[in-house]
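Okay, so here's the structure we're looking at.
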Amino acid sequence: MASELKRQSRMLTEGPGRAPARAMLRAVGLTDEDLERPLVAVANTWSEVTPCNFHLRHLAEKIKAGIRAAGGTPIEFNTIVVSDGISMGTEGMRASLISREVVADSIELVVRGHLFDAVVAISGCDKTIPGTVMALARLNLPSLMLYGGSIMPGQFQGHDVTIQDVFEAVGAHARGRMTDRELADLERSACPGAGACGGQFTANTMAIAFEFLGMSPMGFNGVPALDPLKETVSTQCGSLVMDLLRRDLRPQHIITRAALENAIAAVATTGGSTNAVLHLLAIAHEAGVPLRIDDFDTINQRVPLLADLKPGGRFVAADLYRAGGTRLVAKRLLDAGLLHGEQLTVSGHTLADEAAQASETPGQSVVRPLDNPLKPTGGLVILKGNVAPEGCVVKVAGHEKLYHRGPAKVYDCEEAAFDAVQKGEIEAGDVVVIRYEGPQGGPGMREMLGVTSAIVGAGLGDSVALVTDGRFSGATHGLMAGHVAPEASKGGPIAVVQTGDIVCFDIKARRLDVELSEEELQTRLKRWQAPPPRYTHGIFAKYARQVSSASLGAVTTA
């Protein structure tokens with residue numbers, strides 16, 4: 001039976017002609033018995049550079065034990081990670097989104113190069129999560145992804161805090177609203193150990209999205225990083241991938257249009273990160289499933305906002321886990337008829353089967369009942385207009401403002417906008433415009449958490465709007481439009497908005513416009529000249545030449 005499951009690896013390990021390959025595999029400790037079994041890749045994103053991934057080496061050992069016990073031979077390899085939280089606000093942040101492609105490419109290369117039969121991918125920091133699943137979609141081998149889990153909240157002045165609080169404290173400190181000592185104490189308290197950022201930021205957003213998609217076992221991703229149960233579910237993932245191999249259940253059977261709609265619904269109902277738009281578009285691209293940016297708004301309008309999670313709400317991912325977790329969220333939406341319950345998951349059960357096992361903690365207030373949602377519609381909307389003809393993404397969870405009209409303050413990079421906030425140059429009513437930070441122009445589409453947090457910390461979160469062709473962190477909140485497409489470096493209209501122009505957000509009408517006549521806008525666009533690229537060689541330059549629009553998922557093309 002084991003030999004029958006070696007659908008790929010037999011070409012690597014069987015026959016006299018493969019003696020050199022076997023000799024090298026023996027050098028790393030494999031035995032005759034190991035070589036007779038299916039070879040299962042354990043694609044790890046462990047790194048010492050970030051708490052999100054710091055503990056994944058230990059989880060990999062548990063996964064490998066599960067694979068061995070179920071009749072497979074695990075072989076672990078590693079790939080890279082770029083920490084968003086650490087690189088935020090620096091030149092290094094340009095590497096973040098690019099790292100998603102490198103993660104996917106490197107896993108694909110190692111698995112194809114060594115003819116593995118199945119794959120377990122382990123993710124942690126923001127871009128490793130979609131990067132691993134992009135690779136699994138390309139490879140289409142029996143496979144699954146396990147997320148390393150969320151960090152626990154820190155404690156500061158008697159209340160829970162996350163990394164979001166530290167970013168916002170920088171703005172408060174600059175305005176004299178927080179002392180040096182208070183900032184230092186918060187810095188030392190916010191991140192108490194391993195695990196990814198605690199709110200419904202990008203990591204936890206994608207973790208729940210991929211459980212709803214079916215590529216992660218339901219309930220496994222939500223177990224916090226240092227909870228003892230994380231070891232148990234890791235071992236179970238090793239056993240489960242062998243079951244997938246025996247049943248020949250592959251990503252093409254799981255990643256369907258309906259499954260992607262389930263994932264979008266999960267993001268909408270939990271007030272998840274705007275980055276989910278980019279990443280789910282990218283997954284659809286890799287899987288060959290049609291999906292458009294407008295589909296996110298369509299689904300958002302029919303799904304209520306049920307989870308009261310940071311950054312817009314009160315609770316963190318660990319609270320959601322204690323309240324009933326992913327299954328509880330899925331049950332709520334299934335009860336409302338808002339999910340495709342028949343969709344398969346890597347457990348071999350349908351999404352409806354998984355949700356039926358939900359257990360709600362009595363008295364919990366993290367996930368609202370259907371008859372009392374936080375909002376009747378979800379947390380993400382797509383706007384279009386003469387500033388963003390291809391669309392942009394706005395997160396509406398956590399704030400009530402649906403209209404803003406004000407003068408533009410225009411900056412050609414994130415640093416210039418951050419300096420303006422710190423110097424008090426941004427005033428109530430302004431619309432901050434940050435451009436040339438898109439996928440190509442950045443390159444790498446930096447997140448603007450430093451700027452947005454500084455705005456909130458300066459006490460302007462409810463009175464200032466922001467527009468950018470870059471991205472936002474999942475920790476961003478306020479009236480912020482990101483992913484503006486076409487981006488400035490490709491001659492999108494955002495490139496010709498000038499300081500003093502009146503910019504109007506109209507969420508109900510799904511519009512983002514600058515109050516210029518079509519004639520004036522076209523005249524400015526004809527005069528516009530593209531700036532020289534920031535990088536002319538190396539991976540940043542290569543990425544800028546190959547990357548698609550944010551409205552298509554910012555995927556790289558040949």
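To be explicit about the labels: the chains of the structure tokens are called A, B, and onward in the order shown, and within each one the residues are counted from 1, while ligands get numbers from 1 in the order they are shown.
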
- Task: From region 293-389 of chain A, collect each residue whose DSSP state is strand (DSSP E or B) and return the set as a ChimeraX atom specification.
- Result: /A:305,307,309,315,344,350,367,375,380-384

If you keep C-alpha atoms, can you produce a file of those selected residues as a short mmCIF file (atom, residue, chain, number, x, y, z; two decimals), in the first residue's frame?
```
data_model
loop_
_atom_site.label_atom_id
_atom_site.label_comp_id
_atom_site.auth_asym_id
_atom_site.auth_seq_id
_atom_site.Cartn_x
_atom_site.Cartn_y
_atom_site.Cartn_z
CA LEU A 305 -20.62 41.80 10.88
CA ALA A 307 -17.38 39.21 15.44
CA LEU A 309 -12.66 41.84 17.10
CA PHE A 315 -11.54 41.34 21.49
CA LEU A 344 -15.27 19.85 1.09
CA THR A 350 -18.00 19.32 4.50
CA VAL A 367 -19.56 36.55 18.31
CA LYS A 375 -23.64 45.84 11.58
CA LEU A 380 -15.06 45.42 3.73
CA VAL A 381 -16.34 47.51 0.84
CA ILE A 382 -15.05 48.17 -2.66
CA LEU A 383 -15.20 51.74 -3.97
CA LYS A 384 -14.74 52.96 -7.52
#
```

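Residues within 10 Å of Gln364 (chain A), counting only C-alpha atoms and excluding same-chain residues fewer than 4 positions away, are Asp319, Leu320, Arg322, Ala323, Gly324, Glu360 and Arg368 of chain A.
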
Store the residues picked out above in a file with C-alpha atoms, as a PDB file, in the first residue's frame.
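What ended up in result23.pdb:
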```
ATOM      1  CA  ASP A 319     -10.958  35.481  22.893  1.00  0.00           C
ATOM      2  CA  LEU A 320     -12.631  34.177  19.733  1.00  0.00           C
ATOM      3  CA  ARG A 322     -12.377  30.662  23.886  1.00  0.00           C
ATOM      4  CA  ALA A 323     -15.839  31.792  22.743  1.00  0.00           C
ATOM      5  CA  GLY A 324     -16.282  28.907  20.316  1.00  0.00           C
ATOM      6  CA  GLU A 360     -20.530  28.048  22.112  1.00  0.00           C
ATOM      7  CA  ARG A 368     -22.942  38.238  18.160  1.00  0.00           C
TER       8      ARG A 368
END
```

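For the residues A:Asn275, A:Thr235, A:Thr128, A:Thr377, ranking by smallest atom-to-atom distance to Ile299 (chain A) using only C-alpha atoms places A:Thr377 first.
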
- Task: Could you jot down the CA of Val547 (chain A) to CA of Glu101 (chain A) separation for me, Å, one decimal place?
- Result: 10.0 Å

- Nearby residues (only C-alpha atoms) at most 8 Å from region 352-358 of chain A, same-chain spacing under 5 positions excluded, as a PyMOL selection string: chain A and resi 218+324+327-328+330-331+334+341-343

Take the residues from that selection and write them out as a JSON list (two decimals), in the first residue's frame, keeping all heavy atoms.
```json
[["chain", "number", "residue", "atom", "x", "y", "z"],
["A", 218, "MET", "N", -10.62, 22.78, 10.14],
["A", 218, "MET", "CA", -11.41, 23.75, 10.89],
["A", 218, "MET", "C", -11.14, 23.64, 12.39],
["A", 218, "MET", "O", -11.16, 22.57, 12.97],
["A", 218, "MET", "CB", -12.90, 23.58, 10.60],
["A", 218, "MET", "CG", -13.75, 24.60, 11.32],
["A", 218, "MET", "SD", -15.33, 24.96, 10.49],
["A", 218, "MET", "CE", -14.81, 26.13, 9.25],
["A", 324, "GLY", "N", -15.71, 29.96, 21.17],
["A", 324, "GLY", "CA", -16.28, 28.91, 20.32],
["A", 324, "GLY", "C", -15.57, 28.78, 18.99],
["A", 324, "GLY", "O", -15.79, 27.82, 18.25],
["A", 327, "ARG", "N", -15.63, 27.37, 14.24],
["A", 327, "ARG", "CA", -16.87, 26.61, 14.02],
["A", 327, "ARG", "C", -18.10, 27.41, 14.43],
["A", 327, "ARG", "O", -19.14, 27.34, 13.78],
["A", 327, "ARG", "CB", -16.82, 25.29, 14.79],
["A", 327, "ARG", "CG", -15.90, 24.25, 14.18],
["A", 327, "ARG", "CD", -16.10, 22.89, 14.85],
["A", 327, "ARG", "NE", -15.34, 21.84, 14.20],
["A", 327, "ARG", "CZ", -14.12, 21.47, 14.55],
["A", 327, "ARG", "NH1", -13.53, 22.07, 15.59],
["A", 327, "ARG", "NH2", -13.49, 20.51, 13.91],
["A", 328, "LEU", "N", -17.98, 28.19, 15.49],
["A", 328, "LEU", "CA", -19.11, 29.00, 15.92],
["A", 328, "LEU", "C", -19.45, 30.05, 14.87],
["A", 328, "LEU", "O", -20.62, 30.28, 14.55],
["A", 328, "LEU", "CB", -18.80, 29.67, 17.26],
["A", 328, "LEU", "CG", -19.86, 30.64, 17.79],
["A", 328, "LEU", "CD1", -21.19, 29.94, 17.99],
["A", 328, "LEU", "CD2", -19.38, 31.29, 19.09],
["A", 330, "ALA", "N", -18.81, 29.84, 11.68],
["A", 330, "ALA", "CA", -19.38, 29.12, 10.53],
["A", 330, "ALA", "C", -20.83, 28.73, 10.79],
["A", 330, "ALA", "O", -21.68, 28.84, 9.90],
["A", 330, "ALA", "CB", -18.53, 27.89, 10.23],
["A", 331, "LYS", "N", -21.12, 28.28, 12.00],
["A", 331, "LYS", "CA", -22.50, 27.89, 12.31],
["A", 331, "LYS", "C", -23.45, 29.07, 12.20],
["A", 331, "LYS", "O", -24.58, 28.94, 11.69],
["A", 331, "LYS", "CB", -22.58, 27.28, 13.71],
["A", 331, "LYS", "CG", -23.96, 26.70, 14.04],
["A", 331, "LYS", "CD", -23.96, 26.02, 15.39],
["A", 331, "LYS", "CE", -25.30, 25.32, 15.61],
["A", 331, "LYS", "NZ", -26.46, 26.22, 15.48],
["A", 334, "LEU", "N", -24.00, 29.68, 8.51],
["A", 334, "LEU", "CA", -24.79, 28.59, 7.91],
["A", 334, "LEU", "C", -26.25, 28.66, 8.35],
["A", 334, "LEU", "O", -27.16, 28.42, 7.54],
["A", 334, "LEU", "CB", -24.18, 27.23, 8.30],
["A", 334, "LEU", "CG", -22.97, 26.81, 7.46],
["A", 334, "LEU", "CD1", -22.21, 25.70, 8.16],
["A", 334, "LEU", "CD2", -23.41, 26.36, 6.07],
["A", 341, "GLY", "N", -22.42, 25.22, 2.41],
["A", 341, "GLY", "CA", -22.08, 24.20, 3.41],
["A", 341, "GLY", "C", -21.63, 22.89, 2.83],
["A", 341, "GLY", "O", -21.00, 22.09, 3.53],
["A", 342, "GLU", "N", -21.91, 22.65, 1.56],
["A", 342, "GLU", "CA", -21.56, 21.38, 0.94],
["A", 342, "GLU", "C", -20.09, 21.29, 0.53],
["A", 342, "GLU", "O", -19.62, 20.22, 0.12],
["A", 342, "GLU", "CB", -22.44, 21.15, -0.29],
["A", 342, "GLU", "CG", -22.07, 21.96, -1.54],
["A", 342, "GLU", "CD", -22.44, 23.44, -1.47],
["A", 342, "GLU", "OE1", -23.09, 23.85, -0.49],
["A", 342, "GLU", "OE2", -22.09, 24.18, -2.41],
["A", 343, "GLN", "N", -19.36, 22.39, 0.67],
["A", 343, "GLN", "CA", -17.97, 22.40, 0.22],
["A", 343, "GLN", "C", -17.08, 21.51, 1.08],
["A", 343, "GLN", "O", -17.15, 21.52, 2.30],
["A", 343, "GLN", "CB", -17.43, 23.83, 0.23],
["A", 343, "GLN", "CG", -18.03, 24.70, -0.85],
["A", 343, "GLN", "CD", -17.76, 24.13, -2.24],
["A", 343, "GLN", "OE1", -16.62, 24.08, -2.68],
["A", 343, "GLN", "NE2", -18.80, 23.72, -2.92]]
```

Per-residue nearest contacts region 262-376 of chain A to region 156-179 of chain A, cut-off 10 Å, using only C-alpha atoms, as JSON lines:
```
{"residue": "A:Lys310", "atom": "CA", "partner": "A:Gln164", "partner_atom": "CA", "distance": 8.9}
{"residue": "A:Pro311", "atom": "CA", "partner": "A:Gln164", "partner_atom": "CA", "distance": 7.5}
{"residue": "A:Arg314", "atom": "CA", "partner": "A:Asp160", "partner_atom": "CA", "distance": 9.7}
{"residue": "A:Phe315", "atom": "CA", "partner": "A:Asp160", "partner_atom": "CA", "distance": 9.0}
{"residue": "A:Val316", "atom": "CA", "partner": "A:Thr162", "partner_atom": "CA", "distance": 8.5}
```
